[in-house]
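J.: A single structure is presented below for examination.
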Amino acid sequence: MAEDKGIDIGVELTGIRLKNPVMVCSGTYGVGREYSDWMDPRELGALMTKAVTLKPCAGNPTPRLWEVPCGLLNSIGLENRGLKRFLEDDLPWLHEMGLPVWVNVAGFSREEYVKVASEVSRSSLAAALELNISCPNVEKGGMYFSNNPRDAAMLVSSVREMVDIPLYVKLSPRSSDIKEMAIMMQEAGADGLSMVNTFPAMALDIETARPRLANVTGGLSGPALHPIAVMAVWEVAGAVDLPIIGMGGIWSWRDAVEMMMAGAVAVAVGTLNFVEPGAPLGIIDGMRGFMRRKGIEKAEQLVGMARRMEVPRPGGEYEGKDNAGG
Amino acid sequence: MAEDKGIDIGVELTGIRLKNPVMVCSGTYGVGREYSDWMDPRELGALMTKAVTLKPCAGNPTPRLWEVPCGLLNSIGLENRGLKRFLEDDLPWLHEMGLPVWVNVAGFSREEYVKVASEVSRSSLAAALELNISCPNVEKGGMYFSNNPRDAAMLVSSVREMVDIPLYVKLSPRSSDIKEMAIMMQEAGADGLSMVNTFPAMALDIETARPRLANVTGGLSGPALHPIAVMAVWEVAGAVDLPIIGMGGIWSWRDAVEMMMAGAVAVAVGTLNFVEPGAPLGIIDGMRGFMRRKGIEKAEQLVGMARRMEVPRPGGEYEGKDNAGG
Amino acid sequence: MEPARFEAIVVGKRFHGYATELLVEAPNAAGAVPGQFMHIKCDGRDGVIMRRPYSVFDAAENTISFLVKDVGRGSAWLSARKTGDILDLMGPLGRGFAVGDGQRSILVAGGTGIAPLHFLAGCMKERGLCAFLLWGMEGGDEYGELPNIIADRFDLRLSSMDGKRGIRGSAVDLLEACREEGCTALYACGPRPMLLSLTDRARDMGFTLFQVSLEERMACGVGACRGCVIPCSTPTGGYLSACRDGPVFDEGEVDWRRIRESISA
Amino acid sequence: MEPARFEAIVVGKRFHGYATELLVEAPNAAGAVPGQFMHIKCDGRDGVIMRRPYSVFDAAENTISFLVKDVGRGSAWLSARKTGDILDLMGPLGRGFAVGDGQRSILVAGGTGIAPLHFLAGCMKERGLCAFLLWGMEGGDEYGELPNIIADRFDLRLSSMDGKRGIRGSAVDLLEACREEGCTALYACGPRPMLLSLTDRARDMGFTLFQVSLEERMACGVGACRGCVIPCSTPTGGYLSACRDGPVFDEGEVDWRRIRESISA
Ligand SMILES: Cc1cc2nc3c(=O)[nH]c(=O)nc-3n(C[C@H](O)[C@H](O)[C@H](O)COP(=O)(O)OP(=O)(O)OC[C@H]3O[C@@H](n4cnc5c(N)ncnc54)[C@H](O)[C@@H]3O)c2cc1C
Ligand SMILES: Cc1cc2nc3c(=O)[nH]c(=O)nc-3n(C[C@H](O)[C@H](O)[C@H](O)COP(=O)(O)OP(=O)(O)OC[C@H]3O[C@@H](n4cnc5c(N)ncnc54)[C@H](O)[C@@H]3O)c2cc1C
Ligand SMILES: Cc1cc2nc3c(=O)[nH]c(=O)nc-3n(C[C@H](O)[C@H](O)[C@H](O)COP(=O)(O)O)c2cc1C
Ligand SMILES: Cc1cc2nc3c(=O)[nH]c(=O)nc-3n(C[C@H](O)[C@H](O)[C@H](O)COP(=O)(O)O)c2cc1C
Ligand code: FES
Ligand code: FES
């Protein structure tokens with residue numbers, strides 16, 4: 001659509017200028033090529049690649065997918081062709097496209113993370129790194145870093161030392177106190193946060209009494225995750241001074257605006273891509289329309305807008321107010 | 001419906017015999033009276049009351065509800081008429097009904113928890129206690145105990161000393177490592193666990209850039225929570241030796257069977273009651289029909305059934321397998 | 001009467017501008033009292049799981065009707081129902097309006113607040129009681145022909161903010177303009193800002209009975225979840241449930257100060 | 001041809017026992033190749049959000065059809081569609097069957113595996129190629145009149161486990177009983193246990209082309225999520241995607257040992 005006069009939908013984060021705040025989530029857009037028949041990737045604000053590991057990785061056994069109410073369970077694992085192929089084939093193609101790329105980095109040891117991150121940085125073909133620390137650790141079991149913020153912080157500072165491009169850390173929503181985790185990541189040198197990853201979850205086939213996924217457990221994504229993700233972004237935005245890329249069940253431009261109002265500088269569309277290839281375009285248009293209707297000139301004004309409002313808190317309770325869900 | 005010959009749908013947990021494994025969740029069934037026009041509470045396996053606090057509690061400001069995809073956000077807070085009225089009016093009525101009652105206990109300090117729990121225990125009118133430790137602490141902010149397992153453990157042992165009936169601890173799904181939390185509860189003297197409580201979450205009205213709930217944040221319940229709850233039960237059942245009451249988005253007898261196969265000895269129906277008063281009856285019937293079809297004679301055989309199966313793990317990966325959600 | 005959960009077939013549908021009138025066959029709901037509501041299951045598309053409350057707009061021996069304004073996912077689905085479709089209803093629920101013998105009443109509605117007051121006016125007419133129905137709306141053409149249909153049955157006075165129908169102004173302005181003698185009872189239903197200014201103005205007008213119907217988001221509809229509460233005026237504060245203690249309240253039961261605060265916050 | 005996302009109107013519907021045939025208007029899908037599938041959005045009730053893949057059962061210039069067996073929430077919704085309803089489709093997707101010139105073929109279907117092979121048989125007939133269609137089912141009456149309808153167009157041989165239709169036995173037994181000379185190509189689609197025993201028996205029967213269509217749960221349908229993978233026979237292991245590398249594979253591309261393990265585990 002034609003550019004709106006007077007409406008600036010671009011955002012900037014860690015020195016990277018995005019022409020709009022709508023990205024696509026790691027693992028839901030392949031390395032960009034897969035959807036290029038369906039939409040021009042150059043229309044995106046930015047793209048986050050599928051996880052890249054040092055060596056090729058086969059991922060988990062099948063079945064890897066199961067649908068749950070308003071959500072998807074996946075146990076893809078870290079299937080990818082490895083750093084070498086990624087640097088030779090995929091990243092140059094993406095770079096050619098001219099859109100900013102966040103490379104999602106994963107590993108089975110600290111050394112692997114550092115190696116992948118530093119080589120991607122050295123290639124000068126990526127805009128930023130997204131460190132996937134809600135990924136498994138073969139020695140110590142899945143979700144290791146989320147449960148061990150101190151080790152996660154050490155990982156982040158090791159990587160930070162070796163890279164020249166902005167380092168984003170991807171947080172898991174399964175965290176007793178995600179603010180604390182975010183603060184530790186900031187202290188360890190993270191330049192930004194992306195949140196949230198999928199939530200560990202599972203489903204059983206009662207006819208066979210077996211898990212629906214061969215891997216037993218998987219990650220929950222989609223609309224079911226959205227209110228949890230909004231709250232995580234809201235909490236973290238109040239606790240750290242880092243740009244946040246918000247994701248988790250974004251299903252419409254309304255969800256995207258909500259995520260930004262909660263504190264995200266940009267948003268990433270994930271599972272929705274599977275249902276509606278090209279959905280990011282509609283979200284960009286919808287967001288622009290909303291801004292026009294509301295007289296909001298810069299997308300950046302949306303960021304944290306709800307955080308800046310006085311929050312209604314009628315008084316008059318005769319007992320202490322509480323914050324419980326009931 | 002007529003009792004099935006040869007099918008025993010009863011279960012026993014911590015010495016309490018339930019005629020069927022279907023309970024109703026705290027906060028979703030009032031104190032039992034509210035739904036007595038809609039179904040005979042005596043048909044239930046057991047009933048868990050709304051939270052009881054020492055003094056009357058007004059709860060949170062309104063609006064307190066917001067619907068999200070396949071879920072409900074609530075911020076009721078701990079609204080209740082206080083221990084005195086509960087012991088005088090509500091608990092005797094429930095006791096009269098003759099069905100086992102779990103009293104959900106909450107407080108704003110350790111002393112309050114202990115006082116409420118011990119008086120309920122002394123009344124001899126309750127079958128068991130359900131300690132709501134995913135509730136707020138006015139001094140230290142909401143979700144305090146979930147973030148501080150050691151303080152939670154101290155609370156549990158203080159209460160354990162003062163009560164004569166089984167003590168269940170209700171766990172929050174917002175836990176980096178719910179197994180660890182469960183183990184600490186077991187060590188602190190919990191007799192059983194109930195899991196999970198609602199998940200902290202939020203939604204914004206983008207037209208006003210304000211939270212949908214006056215309390216800003218609330219708790220997510222309903223089908224969206226279900227795969228997270230199943231996984232939590234699955235993990236904890238493998239880590240502790242305590243009976244688990246499973247809850248979270250149970251929406252059909254299939255979900256109830258699934259929860260038991262994951263490791264729960266009994267299940268509790270929550271948000272579904274709001275949509276279909278009497279739903280527990282259909283779940284009991286459906287469960288009985290399933291057992292008949294499968295030739296399962298005792299409901300207790302369902303408990304942890306999926307945990308006892310060999311889990312398919314086809315080999316052949318050329319890289320280490322991983323447990324990631326992707 | 002005992003509330004029940006039952007399935008009801010849609011037997012009629014009329015469009016009135018922004019609102020859709022649905023007529024359903026519901027012998028189970030006979031005996032519904034004006035001010036009571038039905039709790040309606042709204043399919044389950046797009047993750048919609050909860051019921052939605054709707055005031056009874058009219059009731060006959062075997063049927064009841066609702067007036068549905070499309071404001072979101074649930075109401076959009078509901079307004080799209082067709083004759084022959086089945087609805088899953090719970091009700092009638094809640095406390096209705098109290099009506100005294102021989103009483104002359106003024107009924108003040110804002111927007112879809114017309115629904116319970118339309119039913120109330122009908123019941124008063126049946127009992128031979130005198131009632132004046134005042135209805136304010138934003139745009140004069142918002143409800144299509146519905147004002148004319150209602151005016152055929154009742155003494156209806158209209159206002160609209162754009163002046164296209166009735167006097168220019170709000171339902172509260174209608175009340176001020178209403179010079180009917182001997183009215184001792186006042187009933188109101190509408191958006192909260194309207195109710196706030198109505199209570200402000202009407203409190204000293206000498207009505208011996210003043211009742212309002214208040215809306216709040218609901219989950220259970222039966223008093224079990226404490227989700228739908230309304231701040232209550234007792235000195236200790238606290239809340240009443242809209243679904244069980246209400247939706248109809250005596251004006252004095254409600255803590256209007258807290259309601260005002262929650263709107264202006 | 002380029003795959004696309006488009007809306008298609010249901011223009012016909014037939015019931016065949018367990019399966020429902022839906023005919024939709026889809027000029028965009030002209031050029032679909034046998035073995036390709038359409039990825040169909042299934043409303044959004046009960047929290048259903050993902051698309052469901054369905055093989056093209058038949059295609060004409062402006063229409064395509066599917067055969068839908070009701071096995072769960074998505075397929076139940078789909079089978080309930082009526083003439084005039086609109087479907088949201090993506091496709092045609094995936095790699096279809098390879099067909100050589102002058103080739104004589106045997107097509108072995110189990111259950112709803114008939115869908116892509118029916119389309120394949122039609123295309124072969126159009127090209128004047130000789131094809132024998134073997135179809136095994138559990139109960140002989142599972143698919144109503146469909147076997148007769150298909151038999152009118154093609155050389156169809158049937159088997160059923162209950163012996164009610166065709167020979168008693170499986171589609172694999174049909175293959176063993178098939179004495180047609182000079183067939184060099186074998187195509188199969190059906191449940192995995194059937195494909196496993198078929199590959200076991202057919203591997204040494206001397207076919208120069210042996211292709212199977214494999215089903216796996218799908219999310220994206222375009223190769224982006226790596227959710228729908230099939231173990232691949234390369235020495236290094238790894239996976240191929242059913243949606244993009246498949247759903248049709250040469251028999252030799254697939255690691256049948258891992259498939260067998262995942263079934264028997
Ligand atoms: C006792 C009672 C009687 C009612 N009678 C009528 C009536 O006769 N006609 C009519 O059109 N509407 C009536 N309502 C309001 C109606 O219930 C809501 O418009 C409806 O629930 C909105 O659902 P939705 O899914 O379309 O909107 P949502 O997408 O859920 O929300 C859209 C908007 O509606 C508001 N809303 C949601 N639920 C409620 C609720 N339960 N009550 C009030 N606002 C809500 C939300 O705050 C939001 O702003 C009544 C409400 C109550 C409590
Ligand atoms: C390439 C391809 C072509 C297909 N062609 C046909 C066809 O022509 N006719 C037909 O009836 N079915 C076909 N299927 C299977 C069809 O997609 C599934 O039956 C359907 O997705 C089930 O959805 P549901 O919501 O009804 O079931 P769910 O409730 O999701 O699950 C019910 C059962 O179906 C299985 N299932 C779910 N999704 C799939 C899937 N994508 N593939 C295989 N099994 C699945 C589940 O494991 C489960 O046992 C095809 C599948 C693929 C991958
Ligand atoms: C199929 C699939 C694969 C994914 N792979 C990765 C991955 O490789 N690395 C990663 O950090 N996140 C991965 N994710 C998580 C997403 O990037 C995203 O954080 C999550 O899905 C929440 O967004 P959504 O609800 O919009 O999908 C994956 C998600 C899905 C559904
Ligand atoms: C309206 C509402 C009120 C609740 N109140 C309480 C409570 O007082 N104490 C408590 O431990 N849990 C409370 N819960 C949590 C439920 O008991 C249950 O753990 C949760 O809702 C998950 O189950 P569900 O998804 O089936 O509703 C409440 C839940 C809801 C929806
Ligand atoms: S809606 Fe549950 S108490 Fe009113
Ligand atoms: S379904 Fe996504 S790769 Fe095949």
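In the structure tokens, chains take the letters A, B, ... in the order shown, each chain's residues start at 1, and ligands count up from 1 in the order shown.
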Do me a favour and pick out the residues of chain A within 10 Å of chain D, using only C-alpha atoms, as a ChimeraX atom specification.
T.: /A:26-35,37-38,50,56-72,74-81,214,222-224,271-278
J.: Neighbouring residues of Cys183 of chain C were defined as those with any atom within 8 Å, considering only C-alpha atoms; residues of the same chain fewer than 5 positions away were excluded. Please report them as a PyMOL selection string.
T.: chain C and resi 103-106+207
J.: Would you save the residues from that selection as a PDB file, in the first residue's frame, using all heavy atoms?
T.:
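Now in out_17.pdb:
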```
ATOM      1  N   GLN C 103     -48.641   1.742  41.364  1.00  0.00           N
ATOM      2  CA  GLN C 103     -47.572   2.716  41.267  1.00  0.00           C
ATOM      3  C   GLN C 103     -47.478   3.329  39.866  1.00  0.00           C
ATOM      4  O   GLN C 103     -47.763   2.687  38.864  1.00  0.00           O
ATOM      5  CB  GLN C 103     -46.313   1.965  41.696  1.00  0.00           C
ATOM      6  CG  GLN C 103     -45.026   2.284  41.050  1.00  0.00           C
ATOM      7  CD  GLN C 103     -44.037   1.152  41.333  1.00  0.00           C
ATOM      8  OE1 GLN C 103     -43.798   0.761  42.468  1.00  0.00           O
ATOM      9  NE2 GLN C 103     -43.458   0.626  40.268  1.00  0.00           N
ATOM     10  N   ARG C 104     -47.127   4.626  39.792  1.00  0.00           N
ATOM     11  CA  ARG C 104     -46.843   5.303  38.521  1.00  0.00           C
ATOM     12  C   ARG C 104     -45.341   5.417  38.368  1.00  0.00           C
ATOM     13  O   ARG C 104     -44.666   5.885  39.293  1.00  0.00           O
ATOM     14  CB  ARG C 104     -47.455   6.707  38.525  1.00  0.00           C
ATOM     15  CG  ARG C 104     -48.962   6.742  38.329  1.00  0.00           C
ATOM     16  CD  ARG C 104     -49.513   8.133  38.655  1.00  0.00           C
ATOM     17  NE  ARG C 104     -49.118   9.155  37.691  1.00  0.00           N
ATOM     18  CZ  ARG C 104     -49.812   9.450  36.586  1.00  0.00           C
ATOM     19  NH1 ARG C 104     -50.920   8.796  36.319  1.00  0.00           N
ATOM     20  NH2 ARG C 104     -49.406  10.400  35.769  1.00  0.00           N
ATOM     21  N   SER C 105     -44.821   5.030  37.207  1.00  0.00           N
ATOM     22  CA  SER C 105     -43.361   4.887  37.107  1.00  0.00           C
ATOM     23  C   SER C 105     -42.779   5.601  35.893  1.00  0.00           C
ATOM     24  O   SER C 105     -43.430   5.744  34.863  1.00  0.00           O
ATOM     25  CB  SER C 105     -42.972   3.411  36.989  1.00  0.00           C
ATOM     26  OG  SER C 105     -43.714   2.612  37.863  1.00  0.00           O
ATOM     27  N   ILE C 106     -41.525   5.982  36.056  1.00  0.00           N
ATOM     28  CA  ILE C 106     -40.746   6.471  34.916  1.00  0.00           C
ATOM     29  C   ILE C 106     -39.602   5.497  34.687  1.00  0.00           C
ATOM     30  O   ILE C 106     -38.911   5.096  35.636  1.00  0.00           O
ATOM     31  CB  ILE C 106     -40.204   7.888  35.164  1.00  0.00           C
ATOM     32  CG1 ILE C 106     -41.375   8.840  35.425  1.00  0.00           C
ATOM     33  CG2 ILE C 106     -39.367   8.362  33.981  1.00  0.00           C
ATOM     34  CD1 ILE C 106     -40.958  10.277  35.656  1.00  0.00           C
ATOM     35  N   PHE C 207     -38.375  10.349  44.384  1.00  0.00           N
ATOM     36  CA  PHE C 207     -38.906   9.016  44.081  1.00  0.00           C
ATOM     37  C   PHE C 207     -38.793   8.131  45.321  1.00  0.00           C
ATOM     38  O   PHE C 207     -37.778   8.140  46.014  1.00  0.00           O
ATOM     39  CB  PHE C 207     -38.122   8.377  42.924  1.00  0.00           C
ATOM     40  CG  PHE C 207     -38.335   9.082  41.619  1.00  0.00           C
ATOM     41  CD1 PHE C 207     -37.395   9.983  41.122  1.00  0.00           C
ATOM     42  CD2 PHE C 207     -39.510   8.868  40.891  1.00  0.00           C
ATOM     43  CE1 PHE C 207     -37.591  10.644  39.927  1.00  0.00           C
ATOM     44  CE2 PHE C 207     -39.713   9.528  39.683  1.00  0.00           C
ATOM     45  CZ  PHE C 207     -38.755  10.427  39.201  1.00  0.00           C
TER      46      PHE C 207
END
```
J.: Hey, which residues sit close to ligand 1? Say within 6 Å, counting only C-alpha atoms and all ligand atoms, and write them as a VMD selection string.
T.: chain C and resid 37 52 to 55 66 to 76 112 115 215 to 218 247
J.: For the residues in the current selection, export N, CA and C atoms as a short mmCIF file (atom, residue, chain, number, x, y, z; two decimals), in the first residue's frame.
T.:
```
data_model
loop_
_atom_site.label_atom_id
_atom_site.label_comp_id
_atom_site.auth_asym_id
_atom_site.auth_seq_id
_atom_site.Cartn_x
_atom_site.Cartn_y
_atom_site.Cartn_z
N PHE C 37 -31.80 -11.83 33.37
CA PHE C 37 -31.08 -12.01 32.12
C PHE C 37 -30.90 -13.50 31.82
N ARG C 52 -22.37 -15.15 27.49
CA ARG C 52 -22.60 -13.72 27.50
C ARG C 52 -23.98 -13.45 28.06
N PRO C 53 -24.09 -12.47 28.97
CA PRO C 53 -25.40 -12.17 29.57
C PRO C 53 -26.23 -11.22 28.71
N TYR C 54 -27.51 -11.53 28.55
CA TYR C 54 -28.44 -10.65 27.83
C TYR C 54 -29.75 -10.52 28.59
N SER C 55 -30.16 -9.29 28.78
CA SER C 55 -31.43 -9.02 29.43
C SER C 55 -32.58 -9.55 28.60
N PHE C 66 -34.35 -11.20 22.88
CA PHE C 66 -33.21 -10.38 23.29
C PHE C 66 -32.95 -9.33 22.24
N LEU C 67 -32.25 -8.31 22.68
CA LEU C 67 -31.79 -7.27 21.77
C LEU C 67 -30.27 -7.30 21.83
N VAL C 68 -29.64 -7.64 20.72
CA VAL C 68 -28.20 -7.86 20.74
C VAL C 68 -27.48 -6.79 19.94
N LYS C 69 -26.60 -6.06 20.59
CA LYS C 69 -25.77 -5.09 19.88
C LYS C 69 -24.42 -5.72 19.64
N ASP C 70 -23.93 -5.60 18.43
CA ASP C 70 -22.67 -6.23 18.06
C ASP C 70 -21.50 -5.36 18.52
N VAL C 71 -20.83 -5.80 19.58
CA VAL C 71 -19.70 -5.02 20.11
C VAL C 71 -18.42 -5.83 20.18
N GLY C 72 -18.46 -7.11 19.83
CA GLY C 72 -17.25 -7.93 19.95
C GLY C 72 -17.51 -9.31 19.40
N ARG C 73 -16.64 -10.24 19.75
CA ARG C 73 -16.71 -11.56 19.13
C ARG C 73 -17.98 -12.34 19.49
N GLY C 74 -18.36 -12.28 20.77
CA GLY C 74 -19.52 -13.05 21.20
C GLY C 74 -20.81 -12.49 20.61
N SER C 75 -20.97 -11.18 20.73
CA SER C 75 -22.21 -10.57 20.25
C SER C 75 -22.29 -10.61 18.72
N ALA C 76 -21.14 -10.57 18.05
CA ALA C 76 -21.16 -10.68 16.59
C ALA C 76 -21.70 -12.04 16.18
N THR C 112 -28.79 0.22 24.56
CA THR C 112 -29.41 -1.11 24.69
C THR C 112 -30.01 -1.32 26.07
N ALA C 115 -33.55 -2.72 26.73
CA ALA C 115 -34.04 -4.11 26.76
C ALA C 115 -34.83 -4.45 28.04
N GLU C 215 -24.67 -3.37 34.48
CA GLU C 215 -23.95 -4.41 33.75
C GLU C 215 -22.51 -4.51 34.23
N GLU C 216 -22.02 -5.71 34.29
CA GLU C 216 -20.61 -5.94 34.57
C GLU C 216 -20.23 -7.22 33.85
N ARG C 217 -18.98 -7.34 33.44
CA ARG C 217 -18.56 -8.58 32.77
C ARG C 217 -18.82 -9.77 33.68
N MET C 218 -19.27 -10.85 33.10
CA MET C 218 -19.65 -12.01 33.89
C MET C 218 -18.94 -13.28 33.45
N PRO C 247 -28.94 -8.18 38.52
CA PRO C 247 -28.38 -6.89 38.06
C PRO C 247 -29.17 -5.68 38.52
#
```
J.: One decimal, Å: what's the distance from atom CA of Glu145 of chain D over to atom CA of Val108 of chain D, could you say?
T.: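 Calculated distance between atom CA of Glu145 of chain D and atom CA of Val108 of chain D is 19.1 Å.
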J.: For the strand (DSSP E) assignment from backbone DSSP, which residues of segment 93-272 of chain B qualify? Please present them as a PyMOL selection string.
T.: chain B and resi 101-105+128-132+167-171+192-195+199-201+204-205+210-211+218-221+244-247+266-269
J.: Can those selected residues be exported to a file as a compact mmCIF listing (two decimals), in the first residue's frame so that it contains C-alpha atoms?
T.:
```txt
# COMPACT_ATOMS: atom_id res chain seq x y z
CA VAL B 101 -14.23 -30.80 51.46
CA TRP B 102 -10.81 -29.34 50.81
CA VAL B 103 -10.66 -25.89 52.36
CA ASN B 104 -8.52 -23.46 50.37
CA VAL B 105 -6.50 -21.39 52.86
CA ALA B 128 -8.29 -31.67 54.00
CA LEU B 129 -6.63 -28.30 53.56
CA GLU B 130 -5.39 -26.75 50.33
CA LEU B 131 -2.74 -24.17 51.03
CA ASN B 132 -2.89 -21.45 48.41
CA LEU B 167 -2.32 -30.74 53.99
CA TYR B 168 -2.29 -30.13 50.24
CA VAL B 169 -0.18 -27.38 48.76
CA LYS B 170 -1.39 -25.63 45.64
CA LEU B 171 1.39 -24.90 43.18
CA GLY B 192 -0.41 -33.86 48.78
CA LEU B 193 -0.22 -31.32 45.97
CA SER B 194 -2.85 -29.61 43.92
CA MET B 195 -1.77 -28.14 40.66
CA PHE B 199 -0.99 -18.38 35.30
CA PRO B 200 -0.19 -14.67 35.76
CA ALA B 201 -1.20 -12.95 32.55
CA LEU B 204 -4.74 -4.45 27.24
CA ASP B 205 -7.54 -2.49 25.65
CA ARG B 210 -5.27 0.50 29.57
CA PRO B 211 -5.30 -2.94 31.14
CA GLY B 218 -4.80 -11.51 36.50
CA GLY B 219 -4.69 -15.26 36.37
CA LEU B 220 -5.19 -17.29 33.20
CA SER B 221 -7.42 -20.36 33.45
CA ILE B 244 -1.57 -34.96 43.04
CA ILE B 245 -4.92 -33.33 42.33
CA GLY B 246 -4.70 -32.21 38.71
CA MET B 247 -6.45 -29.10 37.40
CA ALA B 266 -7.95 -36.94 41.11
CA VAL B 267 -8.86 -33.96 38.97
CA ALA B 268 -10.68 -30.73 39.61
CA VAL B 269 -12.95 -28.89 37.20
```
J.: With only C-alpha atoms as the counted atoms, please give the residues lying no more than 6 Å from segment 118-128 of chain D, apart from itself and same-chain residues fewer than 6 positions off, as a list in words.
T.: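 Listed by chain and then number, they are Pro34, Phe57 and Asp58 of chain D.
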J.: Okay, now the selection with N, CA, C and O atoms, as an mmCIF file, in the first residue's frame?
T.:
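Below you can see selection.cif, which holds the result:
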```
data_model
loop_
_atom_site.group_PDB
_atom_site.id
_atom_site.type_symbol
_atom_site.label_atom_id
_atom_site.label_comp_id
_atom_site.auth_asym_id
_atom_site.auth_seq_id
_atom_site.Cartn_x
_atom_site.Cartn_y
_atom_site.Cartn_z
ATOM 1 N N PRO D 34 -1.251 -34.980 -9.414
ATOM 2 C CA PRO D 34 -1.639 -36.027 -8.461
ATOM 3 C C PRO D 34 -0.565 -36.218 -7.392
ATOM 4 O O PRO D 34 0.635 -36.228 -7.705
ATOM 5 N N PHE D 57 -8.367 -35.214 -4.680
ATOM 6 C CA PHE D 57 -9.017 -36.469 -5.044
ATOM 7 C C PHE D 57 -9.335 -36.477 -6.535
ATOM 8 O O PHE D 57 -9.316 -37.503 -7.203
ATOM 9 N N ASP D 58 -9.633 -35.303 -7.040
ATOM 10 C CA ASP D 58 -9.896 -35.170 -8.464
ATOM 11 C C ASP D 58 -9.780 -33.689 -8.821
ATOM 12 O O ASP D 58 -9.924 -32.830 -7.963
#
```
J.: I'd like the contact shell of Glu43 of chain B - 12 Å cut-off, only C-alpha atoms, skipping same-chain residues fewer than 5 positions apart - returned as number ranges by chain.
T.: B: 1, 18-24, 32, 36, 38, 97-100, 278-285
J.: DSSP on the backbone, then: every residue of segment 31-250 of chain C marked alpha helix (DSSP H), written as a ChimeraX atom specification.
T.: /C:73-79,114-126,146-153,171-177,192-202
